[in-house]
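S.K.: Okay, so here is query_5.cif, and as you'll see once you scroll down, it has mmCIF, C-alpha atoms.
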data_protein
#
loop_
_atom_site.label_atom_id
_atom_site.label_comp_id
_atom_site.auth_asym_id
_atom_site.auth_seq_id
_atom_site.Cartn_x
_atom_site.Cartn_y
_atom_site.Cartn_z
CA LEU A 1 84.00 74.37 113.51
CA GLN A 2 83.50 74.05 109.77
CA SER A 3 79.74 74.53 110.15
CA ARG A 4 80.29 77.65 112.26
CA ILE A 5 82.59 79.07 109.61
CA ALA A 6 80.04 78.24 106.92
CA ASN A 7 77.30 80.03 108.87
CA TYR A 8 79.47 83.10 109.56
CA PHE A 9 80.33 83.63 105.89
CA GLY A 10 76.95 82.47 104.57
CA LEU A 11 78.39 79.80 102.30
CA GLU A 12 75.05 78.11 101.59
CA LEU A 13 73.33 81.39 100.79
CA ALA A 14 76.18 82.30 98.42
CA GLY A 15 75.93 78.92 96.69
CA THR A 16 79.44 77.81 97.56
CA THR A 17 81.23 75.26 99.77
CA PHE A 18 84.09 75.27 102.28
CA ARG A 19 86.35 73.33 99.92
CA ARG A 20 85.60 75.61 96.97
CA GLU A 21 86.35 78.73 99.02
CA VAL A 22 89.69 77.30 100.19
CA LEU A 23 90.71 76.36 96.65
CA ALA A 24 89.67 79.84 95.45
CA GLY A 25 91.84 81.43 98.16
CA VAL A 26 94.85 79.35 97.13
CA THR A 27 94.26 80.32 93.49
CA THR A 28 94.09 84.03 94.28
CA PHE A 29 97.24 83.88 96.43
CA VAL A 30 99.29 82.06 93.81
CA THR A 31 98.15 84.54 91.15
CA MET A 32 99.12 87.69 93.10
CA SER A 33 101.97 86.44 95.29
CA TYR A 34 104.54 87.98 92.95
CA ILE A 35 103.97 91.21 94.90
CA ILE A 36 105.95 89.73 97.81
CA ALA A 37 109.12 89.89 95.72
CA VAL A 38 108.33 92.70 93.29
CA ASN A 39 107.13 95.40 95.72
CA PRO A 40 110.32 95.41 97.86
CA ALA A 41 112.41 95.36 94.68
CA ILE A 42 110.70 98.54 93.43
CA LEU A 43 110.74 100.34 96.79
CA LYS A 44 114.47 99.57 97.13
CA ALA A 45 114.97 102.41 94.62
CA ALA A 46 113.50 104.76 97.26
CA GLY A 47 116.06 103.63 99.83
CA ILE A 48 113.71 101.29 101.72
CA PRO A 49 115.60 98.11 102.81
CA GLU A 50 114.27 94.95 101.14
CA GLY A 51 113.89 92.75 104.21
CA PRO A 52 111.72 95.12 106.25
CA SER A 53 109.92 96.14 103.05
CA MET A 54 108.96 92.53 102.35
CA VAL A 55 107.57 92.21 105.88
CA ALA A 56 105.61 95.47 105.48
CA THR A 57 104.20 94.23 102.17
CA VAL A 58 103.04 90.95 103.67
CA MET A 59 101.70 92.53 106.88
CA THR A 60 99.63 94.98 104.86
CA ALA A 61 98.25 92.18 102.69
CA VAL A 62 97.36 90.12 105.76
CA VAL A 63 95.63 92.95 107.64
CA GLY A 64 93.79 94.39 104.64
CA THR A 65 92.66 91.02 103.30
CA LEU A 66 91.46 89.88 106.75
CA VAL A 67 89.35 93.04 107.09
CA MET A 68 87.98 92.44 103.60
CA GLY A 69 87.08 88.85 104.46
CA LEU A 70 85.83 89.17 108.04
CA TYR A 71 84.11 92.57 107.77
CA ALA A 72 83.14 93.04 104.11
CA ASN A 73 82.65 89.30 103.46
CA ARG A 74 83.95 89.60 99.91
CA PRO A 75 86.43 87.27 98.14
CA PHE A 76 88.80 90.14 97.31
CA ALA A 77 92.46 90.12 98.32
CA ILE A 78 94.30 93.31 99.28
CA ALA A 79 97.99 94.17 98.83
CA PRO A 80 100.17 97.16 97.85
CA TYR A 81 99.25 98.37 94.37
CA MET A 82 101.56 98.20 91.38
CA GLY A 83 101.89 101.70 89.95
CA GLU A 84 101.66 103.53 93.25
CA ASN A 85 104.88 101.84 94.41
CA ALA A 86 106.63 102.94 91.22
CA PHE A 87 105.30 106.49 91.64
CA VAL A 88 106.68 106.71 95.17
CA ALA A 89 110.06 105.16 94.36
CA TYR A 90 110.86 106.69 90.99
CA THR A 91 108.94 109.98 90.99
CA VAL A 92 108.44 111.17 94.56
CA VAL A 93 111.84 110.06 95.86
CA LYS A 94 114.24 109.81 92.90
CA VAL A 95 112.91 112.64 90.71
CA LEU A 96 111.32 115.09 93.17
CA GLY A 97 113.83 114.40 95.95
CA TYR A 98 111.46 113.81 98.87
CA SER A 99 112.33 111.23 101.51
CA TRP A 100 110.54 107.89 101.60
CA GLN A 101 109.37 108.82 105.11
CA THR A 102 107.50 111.81 103.67
CA ALA A 103 106.01 109.59 100.97
CA MET A 104 104.81 107.05 103.56
CA THR A 105 103.13 109.89 105.44
CA ALA A 106 101.26 110.81 102.25
CA VAL A 107 100.11 107.20 101.92
CA PHE A 108 98.85 107.23 105.52
CA LEU A 109 97.04 110.56 105.03
CA ALA A 110 95.45 109.27 101.82
CA GLY A 111 94.15 106.31 103.80
CA VAL A 112 92.69 108.62 106.45
CA MET A 113 91.01 110.70 103.73
CA PHE A 114 89.62 107.54 102.12
CA ALA A 115 88.17 106.36 105.42
CA LEU A 116 86.48 109.69 106.12
CA LEU A 117 85.09 109.99 102.59
CA THR A 118 83.87 106.38 102.66
CA VAL A 119 82.03 106.86 105.94
CA ALA A 120 80.52 110.09 104.56
CA ARG A 121 79.59 108.24 101.33
CA VAL A 122 81.43 110.83 99.21
CA ARG A 123 84.03 108.53 97.69
CA GLN A 124 81.66 106.81 95.27
CA TRP A 125 80.41 110.17 94.00
CA MET A 126 84.01 111.33 93.40
CA VAL A 127 84.83 108.30 91.27
CA ALA A 128 81.63 108.77 89.23
CA ALA A 129 82.73 112.35 88.47
CA LEU A 130 85.99 111.21 86.80
CA PRO A 131 85.65 110.76 83.00
CA PRO A 132 85.95 107.07 82.02
CA GLY A 133 88.45 107.84 79.26
CA LEU A 134 90.82 109.43 81.75
CA CYS A 135 90.43 106.53 84.19
CA TYR A 136 91.42 104.08 81.45
CA SER A 137 94.39 106.21 80.41
CA PHE A 138 95.74 106.30 83.96
CA GLY A 139 96.01 102.52 84.00
CA VAL A 140 97.53 102.35 80.51
CA GLY A 141 100.12 105.03 81.29
CA ILE A 142 101.15 103.35 84.53
CA GLY A 143 101.43 100.04 82.66
CA LEU A 144 103.86 101.49 80.10
CA PHE A 145 105.77 103.21 82.92
CA LEU A 146 106.18 99.88 84.75
CA SER A 147 107.23 98.14 81.55
CA PHE A 148 109.92 100.76 80.94
CA ILE A 149 111.23 100.29 84.48
CA GLY A 150 111.34 96.52 83.91
CA LEU A 151 113.14 96.89 80.59
CA ASN A 152 115.70 99.23 82.16
CA GLU A 153 116.29 97.24 85.36
CA SER A 154 116.69 94.02 83.40
CA GLY A 155 119.28 95.66 81.13
CA ILE A 156 117.30 94.99 77.95
CA VAL A 157 117.03 98.77 77.48
CA ALA A 158 119.78 101.14 78.65
CA ILE A 159 120.03 104.89 79.04
CA GLY A 160 121.62 106.48 75.96
CA VAL A 161 125.01 108.18 76.28
CA ALA A 162 124.65 110.43 73.23
CA GLY A 163 121.97 111.14 70.67
CA ALA A 164 118.94 108.98 71.47
CA PRO A 165 117.87 109.10 75.16
CA VAL A 166 117.61 105.29 75.33
CA ARG A 167 119.26 102.42 73.49
CA LEU A 168 119.29 98.63 73.35
CA GLY A 169 121.22 97.08 76.22
CA ASN A 170 124.02 94.54 75.97
CA LEU A 171 122.10 91.41 75.03
CA ALA A 172 125.27 89.32 75.34
CA ALA A 173 125.51 90.00 79.09
CA PRO A 174 124.56 86.87 81.12
CA SER A 175 122.16 88.83 83.35
CA VAL A 176 120.32 90.23 80.31
CA GLU A 177 120.10 86.77 78.76
CA VAL A 178 118.50 85.49 81.99
CA ALA A 179 116.08 88.43 81.90
CA VAL A 180 115.04 87.68 78.31
CA LEU A 181 114.60 84.02 79.23
CA SER A 182 112.52 85.05 82.27
CA PHE A 183 110.22 87.20 80.13
CA VAL A 184 109.70 84.45 77.53
CA LEU A 185 109.12 81.86 80.26
CA ILE A 186 106.50 83.98 82.04
CA ALA A 187 104.82 84.70 78.70
CA ILE A 188 104.64 80.99 77.80
CA LEU A 189 103.22 80.08 81.22
CA MET A 190 100.60 82.84 80.90
CA VAL A 191 99.64 81.76 77.40
CA ARG A 192 99.13 78.23 78.73
CA ARG A 193 97.15 79.70 81.67
CA VAL A 194 99.35 78.07 84.31
CA PRO A 195 98.22 79.24 87.79
CA GLY A 196 100.77 81.57 89.37
CA ALA A 197 102.57 82.04 86.05
CA ILE A 198 104.36 85.23 87.10
CA LEU A 199 105.63 83.91 90.44
CA LEU A 200 106.61 80.58 88.90
CA GLY A 201 108.51 82.36 86.14
CA ILE A 202 110.35 84.53 88.68
CA LEU A 203 111.37 81.51 90.80
CA ILE A 204 112.54 79.39 87.84
CA SER A 205 114.51 82.33 86.40
CA ALA A 206 116.05 83.03 89.81
CA ALA A 207 117.14 79.38 90.05
CA ILE A 208 118.76 79.66 86.60
CA ALA A 209 120.50 82.89 87.67
CA PHE A 210 121.84 81.17 90.80
CA ALA A 211 123.04 78.13 88.82
CA ALA A 212 124.72 80.30 86.15
CA GLY A 213 126.51 82.47 88.69
CA VAL A 214 124.60 85.58 87.65
CA ALA A 215 123.38 86.04 91.23
CA LYS A 216 124.42 84.72 94.63
CA PRO A 217 122.01 82.08 95.95
CA PRO A 218 120.42 82.51 99.39
CA SER A 219 122.26 80.96 102.33
CA SER A 220 118.97 79.46 103.52
CA TRP A 221 115.39 79.19 102.32
CA LEU A 222 113.60 79.69 105.61
CA SER A 223 114.18 82.03 108.52
CA MET A 224 112.38 84.15 111.03
CA PRO A 225 110.93 87.28 109.36
CA PRO A 226 113.26 90.33 109.19
CA ASN A 227 112.71 93.05 111.77
CA PRO A 228 110.36 95.68 110.24
CA ALA A 229 111.27 98.28 112.91
CA PRO A 230 113.63 100.32 110.63
CA ILE A 231 110.70 101.43 108.45
CA MET A 232 107.72 101.27 110.82
CA LEU A 233 106.08 104.45 112.15
CA LYS A 234 108.62 106.68 110.36
CA LEU A 235 106.14 109.40 109.44
CA ASP A 236 107.17 112.94 108.46
CA LEU A 237 104.02 114.98 108.98
CA ARG A 238 105.79 118.32 108.62
CA GLY A 239 107.15 117.43 105.18
CA ALA A 240 103.90 115.84 103.97
CA LEU A 241 101.79 118.85 104.98
CA SER A 242 104.04 121.39 103.24
CA VAL A 243 102.58 123.42 100.36
CA GLY A 244 105.04 122.02 97.83
CA PHE A 245 104.10 118.43 98.64
CA PHE A 246 100.36 118.93 98.09
CA GLY A 247 100.54 117.85 94.44
CA VAL A 248 102.18 114.55 95.43
CA LEU A 249 99.55 113.91 98.09
CA LEU A 250 96.75 114.66 95.62
CA THR A 251 98.28 112.35 93.00
CA ILE A 252 98.59 109.45 95.46
CA PHE A 253 94.98 110.05 96.50
CA VAL A 254 93.63 110.11 92.92
CA MET A 255 95.64 107.07 91.80
CA ALA A 256 94.46 104.97 94.74
CA LEU A 257 90.87 106.17 94.28
CA ILE A 258 90.82 105.04 90.67
CA ASP A 259 92.64 101.75 91.26
CA THR A 260 90.34 100.77 94.11
CA MET A 261 87.12 101.44 92.24
CA GLY A 262 88.43 99.85 89.06
CA SER A 263 89.42 96.66 90.89
CA LEU A 264 86.26 96.42 92.99
CA ILE A 265 83.87 96.98 90.10
CA GLY A 266 85.90 94.86 87.68
CA VAL A 267 86.11 91.79 89.92
CA SER A 268 82.52 92.23 91.14
CA ALA A 269 81.30 92.27 87.53
CA ARG A 270 83.04 88.96 86.85
CA ALA A 271 81.62 87.47 90.05
CA GLY A 272 78.08 88.63 89.34
CA PHE A 273 77.95 90.78 92.47
CA LEU A 274 76.68 93.94 90.73
CA ASP A 275 73.02 94.91 90.90
CA ALA A 276 70.81 96.03 88.01
CA ASP A 277 72.28 99.54 88.16
CA GLY A 278 75.83 98.23 87.83
CA THR A 279 76.77 99.06 91.44
CA LEU A 280 78.13 96.82 94.18
CA PRO A 281 75.72 96.45 97.13
CA GLN A 282 77.27 97.61 100.43
CA ILE A 283 80.27 98.91 98.49
CA GLU A 284 81.25 101.04 101.48
CA ARG A 285 82.44 97.89 103.30
CA PRO A 286 85.15 96.78 100.82
CA MET A 287 86.05 100.46 100.29
CA LEU A 288 86.57 100.88 104.03
CA ALA A 289 88.74 97.75 104.02
CA ASP A 290 90.88 99.40 101.34
CA ALA A 291 91.10 102.59 103.40
CA ILE A 292 92.19 100.70 106.53
CA ALA A 293 94.80 98.79 104.50
CA THR A 294 96.21 102.05 103.08
CA MET A 295 96.45 103.65 106.52
CA PHE A 296 98.19 100.55 107.85
CA ALA A 297 100.51 100.47 104.82
CA GLY A 298 101.75 104.00 105.48
CA LEU A 299 102.37 103.18 109.14
CA VAL A 300 104.40 100.02 108.50
CA GLY A 301 106.38 101.47 105.58
CA THR A 302 104.85 100.45 102.25
CA THR A 303 102.67 102.05 99.61
CA THR A 304 98.96 102.49 98.86
CA SER A 305 97.05 99.21 99.06
CA GLY A 306 93.69 97.94 97.92
CA ALA A 307 91.70 95.22 96.21
CA TYR A 308 93.68 93.33 93.57
CA ILE A 309 92.29 92.64 90.12
CA GLU A 310 93.98 89.21 90.41
CA SER A 311 91.19 88.36 92.86
CA ALA A 312 89.24 87.55 89.70
CA ALA A 313 91.24 84.31 89.47
CA GLY A 314 89.82 83.16 92.78
CA VAL A 315 86.33 84.28 91.80
CA HIS A 316 86.67 82.27 88.59
CA ALA A 317 87.64 79.26 90.75
CA GLY A 318 84.38 79.62 92.69
CA GLY A 319 85.17 82.06 95.51
CA ARG A 320 82.07 83.94 96.60
CA THR A 321 82.54 84.94 100.24
CA GLY A 322 85.05 86.42 102.66
CA LEU A 323 86.36 82.95 103.49
CA THR A 324 88.33 83.09 100.24
CA ALA A 325 90.01 86.29 101.48
CA VAL A 326 90.78 84.76 104.89
CA VAL A 327 92.58 81.85 103.18
CA VAL A 328 94.61 84.34 101.11
CA ALA A 329 95.58 86.23 104.29
CA ALA A 330 96.72 83.01 105.98
CA LEU A 331 98.92 82.10 103.01
CA PHE A 332 100.46 85.59 102.97
CA ALA A 333 101.27 85.22 106.68
CA MET A 334 103.07 81.92 105.99
CA SER A 335 105.17 83.58 103.28
CA LEU A 336 106.88 85.78 105.91
CA PHE A 337 109.28 82.95 106.65
CA PHE A 338 110.72 82.88 103.11
CA ALA A 339 112.53 86.23 103.41
CA PRO A 340 116.05 84.91 102.48
CA LEU A 341 114.78 83.59 99.15
CA VAL A 342 112.85 86.77 98.33
CA ALA A 343 115.84 89.01 99.14
CA ALA A 344 118.17 86.94 96.92
CA ILE A 345 116.04 87.16 93.76
CA PRO A 346 118.02 89.26 91.22
CA ALA A 347 116.64 91.96 88.92
CA ALA A 348 117.18 89.63 85.98
CA ALA A 349 114.45 87.39 87.40
CA TYR A 350 111.90 89.91 88.74
CA ALA A 351 112.26 92.85 86.29
CA PRO A 352 110.61 90.93 83.41
CA ALA A 353 107.58 90.48 85.70
CA LEU A 354 107.20 94.28 85.65
CA ILE A 355 107.17 94.20 81.85
CA VAL A 356 104.44 91.54 81.87
CA VAL A 357 102.35 93.32 84.52
CA GLY A 358 102.67 96.51 82.47
CA ALA A 359 101.47 94.65 79.39
CA MET A 360 98.35 93.49 81.25
CA MET A 361 97.66 97.05 82.46
CA VAL A 362 97.66 98.35 78.87
CA ALA A 363 94.51 96.35 78.00
CA PRO A 364 91.97 99.14 78.84
CA VAL A 365 93.36 101.30 76.01
CA VAL A 366 90.72 99.73 73.71
CA LYS A 367 87.99 101.34 75.85
CA ILE A 368 89.18 104.88 75.02
CA ASP A 369 87.08 106.52 72.28
CA PHE A 370 89.72 107.26 69.63
CA ASP A 371 87.13 108.84 67.34
CA ASP A 372 86.35 111.57 69.88
CA TYR A 373 89.34 113.92 70.00
CA THR A 374 88.12 115.49 73.25
CA GLU A 375 88.60 112.04 74.80
CA LEU A 376 91.68 111.00 72.81
CA ILE A 377 93.91 114.05 73.36
CA PRO A 378 93.72 114.18 77.19
CA ALA A 379 94.13 110.39 77.36
CA PHE A 380 97.13 110.49 75.02
CA ALA A 381 98.71 113.26 77.12
CA VAL A 382 98.35 111.11 80.24
CA ILE A 383 99.88 108.02 78.62
CA ALA A 384 102.71 109.81 76.78
CA LEU A 385 103.76 112.14 79.58
CA MET A 386 103.78 109.42 82.22
CA SER A 387 106.21 107.40 80.14
CA PHE A 388 108.31 110.15 78.52
CA THR A 389 108.74 112.37 81.58
CA TYR A 390 109.32 109.37 83.89
CA ASN A 391 106.74 110.93 86.19
CA ILE A 392 103.27 109.46 86.79
CA GLY A 393 102.08 112.62 88.54
CA ILE A 394 102.79 114.82 85.51
CA GLY A 395 100.74 112.52 83.29
CA ILE A 396 97.74 112.52 85.61
CA THR A 397 97.92 116.29 86.10
CA ALA A 398 98.09 116.88 82.33
CA GLY A 399 94.97 114.78 81.78
CA LEU A 400 93.00 116.47 84.56
CA ILE A 401 93.89 119.90 83.16
CA LEU A 402 93.39 119.12 79.45
CA TYR A 403 90.06 117.31 79.75
CA PRO A 404 87.96 120.35 80.80
#
Would you mind writing the file's structure down as structure tokens?

M.R.:
Amino acid sequence: LQSRIANYFGLELAGTTFRREVLAGVTTFVTMSYIIAVNPAILKAAGIPEGPSMVATVMTAVVGTLVMGLYANRPFAIAPYMGENAFVAYTVVKVLGYSWQTAMTAVFLAGVMFALLTVARVRQWMVAALPPGLCYSFGVGIGLFLSFIGLNESGIVAIGVAGAPVRLGNLAAPSVEVAVLSFVLIAILMVRRVPGAILLGILISAAIAFAAGVAKPPSSWLSMPPNPAPIMLKLDLRGALSVGFFGVLLTIFVMALIDTMGSLIGVSARAGFLDADGTLPQIERPMLADAIATMFAGLVGTTTSGAYIESAAGVHAGGRTGLTAVVVAALFAMSLFFAPLVAAIPAAAYAPALIVVGAMMVAPVVKIDFDDYTELIPAFAVIALMSFTYNIGIGITAGLILYP
């Protein structure tokens, strides 16, 4: 069996081994598994129940990553994107007032559009047409937006009652103290390059919160997965195809387009997959895997999905073929049975993870040409307006209008 698997994925040709691919898959999973807890926590703000949302998150990761491994034969893992989930929950639903069902329909339609454009080989041309400075600013703005959400949900920052719009939270509150501890713990683990630092920090902080009485511990650790039926196939085509919703649909499309290409090219560059022209051979295959994952995500009730930049951890560990992705998918499937623990994790434990993820997303700001005002001003508008209007779509729109 092992030799058949090796032949299917071309392990010898890729210069890797069965053991190395398995270890790479475990590494990638541990690095990105925080999404199992964080994605449902964010989408809860949109009114999506956490249990079914966790199942939808995992199902999407399993399906998308399997397609990536078995069809595209690349060591990239797929899951719902950070940033897009915040846009749906906090902008589309809470600010603009649309239902989460309408938002899920937009995710599904974006996936359909991706699939059609990928098959027609138009998608790569579209990404090449976007100015690099704007692409970098989108990621930076979303990172600051996520960090602000984490600061607010943890209680470290609170909404101002008079004068300043925001203020320092009550740092003496036990839940805030746990949140600060969680942030520092995750930071220390990351500095020491501990595998799975974010997930480990969340779990340790949750245990402290349970022990201190800040949150109620789960009644059990293992159970059968929650029923995803309440959020599956709840599409609202009429609402998603309305004229007023077009801007939301376009924003979801552009965000996913940029995230997918950024992740694919970024991880491929680290793995040495790019050719002399800086392009990924047979890029349409991993792009189609992303498109299928996004369509599936909308159908089961979660947000835009695609290749994760954390896949670079598995690549660094030696992953070179789709077998790495298949291992990641298998581990995600096993995680379905830990729903009680995931649902019990309090904001004090998971919100600091949003701050840390946001910090990592800010890194591309150094690639923006600050000496060229025609690049700086549109990029600044994107970053500032995303954060200060609490609306990712407004920031992206401002950049796309100001740049030309």

S.K.: Suppose you want the space between atom CA of A:Phe108 and atom CA of A:Thr304; what is it in Å?

M.R.: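 Interatomic distance here is 8.2 Å.
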
S.K.: With a distance cut-off of 10 Å and all atoms listed in the file, select the neighbouring residues of A:Ala333, excluding the residue or stretch itself and same-chain residues fewer than 2 positions from it, and output the selection as a list in words.

M.R.: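 Contacts, with the query itself left out: Val55, Val58, Met59, Ala61, Val62, Val63, Val327, Val328, Ala329, Ala330, Leu331, Ser335, Leu336 and Phe337 of chain A.
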
S.K.: Would you mind listing what lies within 6 Å of A:Ala351 as a ChimeraX atom specification, with all atoms listed in the file counted and same-chain residues fewer than 3 positions away left out?

M.R.: /A:150,154,347-348,354

S.K.: Taking the file above as input, evaluate the PyMOL selection byres ((chain A and resi 390) around 9) and report the hits as an MDAnalysis selection string.

M.R.: chainID A and resid 90:91 95 145 385:389 391:392 394

S.K.: Just so the selection is clear, what residues does the PyMOL selection byres ((chain A and resi 220-229) around 8) cover here, as a list of chain:residue names?

M.R.: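 Written out, the selection comes to A:Gly51, A:Pro52, A:Ser53, A:Val55, A:Ala56, A:Pro218, A:Ser219, A:Pro230, A:Ile231, A:Met232, A:Val300, A:Leu336, A:Phe337, A:Phe338, A:Ala339, A:Pro340, A:Leu341.
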
S.K.: If you keep C-alpha atoms, can you produce a file of those selected residues as an mmCIF file, in the frame of the given file?

M.R.:
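Contents of the output file out_26.cif:
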data_model
loop_
_atom_site.group_PDB
_atom_site.id
_atom_site.type_symbol
_atom_site.label_atom_id
_atom_site.label_comp_id
_atom_site.auth_asym_id
_atom_site.auth_seq_id
_atom_site.Cartn_x
_atom_site.Cartn_y
_atom_site.Cartn_z
ATOM 1 C CA GLY A 51 113.890 92.750 104.210
ATOM 2 C CA PRO A 52 111.720 95.120 106.250
ATOM 3 C CA SER A 53 109.920 96.140 103.050
ATOM 4 C CA VAL A 55 107.570 92.210 105.880
ATOM 5 C CA ALA A 56 105.610 95.470 105.480
ATOM 6 C CA PRO A 218 120.420 82.510 99.390
ATOM 7 C CA SER A 219 122.260 80.960 102.330
ATOM 8 C CA PRO A 230 113.630 100.320 110.630
ATOM 9 C CA ILE A 231 110.700 101.430 108.450
ATOM 10 C CA MET A 232 107.720 101.270 110.820
ATOM 11 C CA VAL A 300 104.400 100.020 108.500
ATOM 12 C CA LEU A 336 106.880 85.780 105.910
ATOM 13 C CA PHE A 337 109.280 82.950 106.650
ATOM 14 C CA PHE A 338 110.720 82.880 103.110
ATOM 15 C CA ALA A 339 112.530 86.230 103.410
ATOM 16 C CA PRO A 340 116.050 84.910 102.480
ATOM 17 C CA LEU A 341 114.780 83.590 99.150
#

S.K.: From the list A:Thr27, A:Gly160, A:Gly155, A:Ala212, which residue is nearest A:Ala172 when using all atoms listed in the file?

M.R.: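 Using all atoms listed in the file, A:Ala172 sits closest to A:Gly155.
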
S.K.: If the PyMOL selection byres ((chain A and resi 309-314) around 10) were run on this exact file, what residues would it hold? Put them as JSON, numbers by chain.

M.R.: {"A": [20, 21, 22, 23, 24, 25, 26, 27, 28, 29, 30, 31, 32, 33, 75, 76, 77, 78, 81, 195, 196, 259, 260, 262, 263, 264, 265, 266, 267, 268, 269, 270, 271, 306, 307, 308, 315, 316, 317, 318, 319, 320, 324, 325, 328]}

S.K.: Produce a file of the selected residues containing C-alpha atoms, as a short mmCIF file (atom, residue, chain, number, x, y, z; two decimals), in the coordinates of the input.

M.R.:
data_model
loop_
_atom_site.label_atom_id
_atom_site.label_comp_id
_atom_site.auth_asym_id
_atom_site.auth_seq_id
_atom_site.Cartn_x
_atom_site.Cartn_y
_atom_site.Cartn_z
CA ARG A 20 85.60 75.61 96.97
CA GLU A 21 86.35 78.73 99.02
CA VAL A 22 89.69 77.30 100.19
CA LEU A 23 90.71 76.36 96.65
CA ALA A 24 89.67 79.84 95.45
CA GLY A 25 91.84 81.43 98.16
CA VAL A 26 94.85 79.35 97.13
CA THR A 27 94.26 80.32 93.49
CA THR A 28 94.09 84.03 94.28
CA PHE A 29 97.24 83.88 96.43
CA VAL A 30 99.29 82.06 93.81
CA THR A 31 98.15 84.54 91.15
CA MET A 32 99.12 87.69 93.10
CA SER A 33 101.97 86.44 95.29
CA PRO A 75 86.43 87.27 98.14
CA PHE A 76 88.80 90.14 97.31
CA ALA A 77 92.46 90.12 98.32
CA ILE A 78 94.30 93.31 99.28
CA TYR A 81 99.25 98.37 94.37
CA PRO A 195 98.22 79.24 87.79
CA GLY A 196 100.77 81.57 89.37
CA ASP A 259 92.64 101.75 91.26
CA THR A 260 90.34 100.77 94.11
CA GLY A 262 88.43 99.85 89.06
CA SER A 263 89.42 96.66 90.89
CA LEU A 264 86.26 96.42 92.99
CA ILE A 265 83.87 96.98 90.10
CA GLY A 266 85.90 94.86 87.68
CA VAL A 267 86.11 91.79 89.92
CA SER A 268 82.52 92.23 91.14
CA ALA A 269 81.30 92.27 87.53
CA ARG A 270 83.04 88.96 86.85
CA ALA A 271 81.62 87.47 90.05
CA GLY A 306 93.69 97.94 97.92
CA ALA A 307 91.70 95.22 96.21
CA TYR A 308 93.68 93.33 93.57
CA VAL A 315 86.33 84.28 91.80
CA HIS A 316 86.67 82.27 88.59
CA ALA A 317 87.64 79.26 90.75
CA GLY A 318 84.38 79.62 92.69
CA GLY A 319 85.17 82.06 95.51
CA ARG A 320 82.07 83.94 96.60
CA THR A 324 88.33 83.09 100.24
CA ALA A 325 90.01 86.29 101.48
CA VAL A 328 94.61 84.34 101.11
#

S.K.: Just to confirm, what's the straight-line distance from atom CA of A:Ala289 to atom CA of A:Phe9 in Å (one decimal)?

M.R.: 16.5 Å
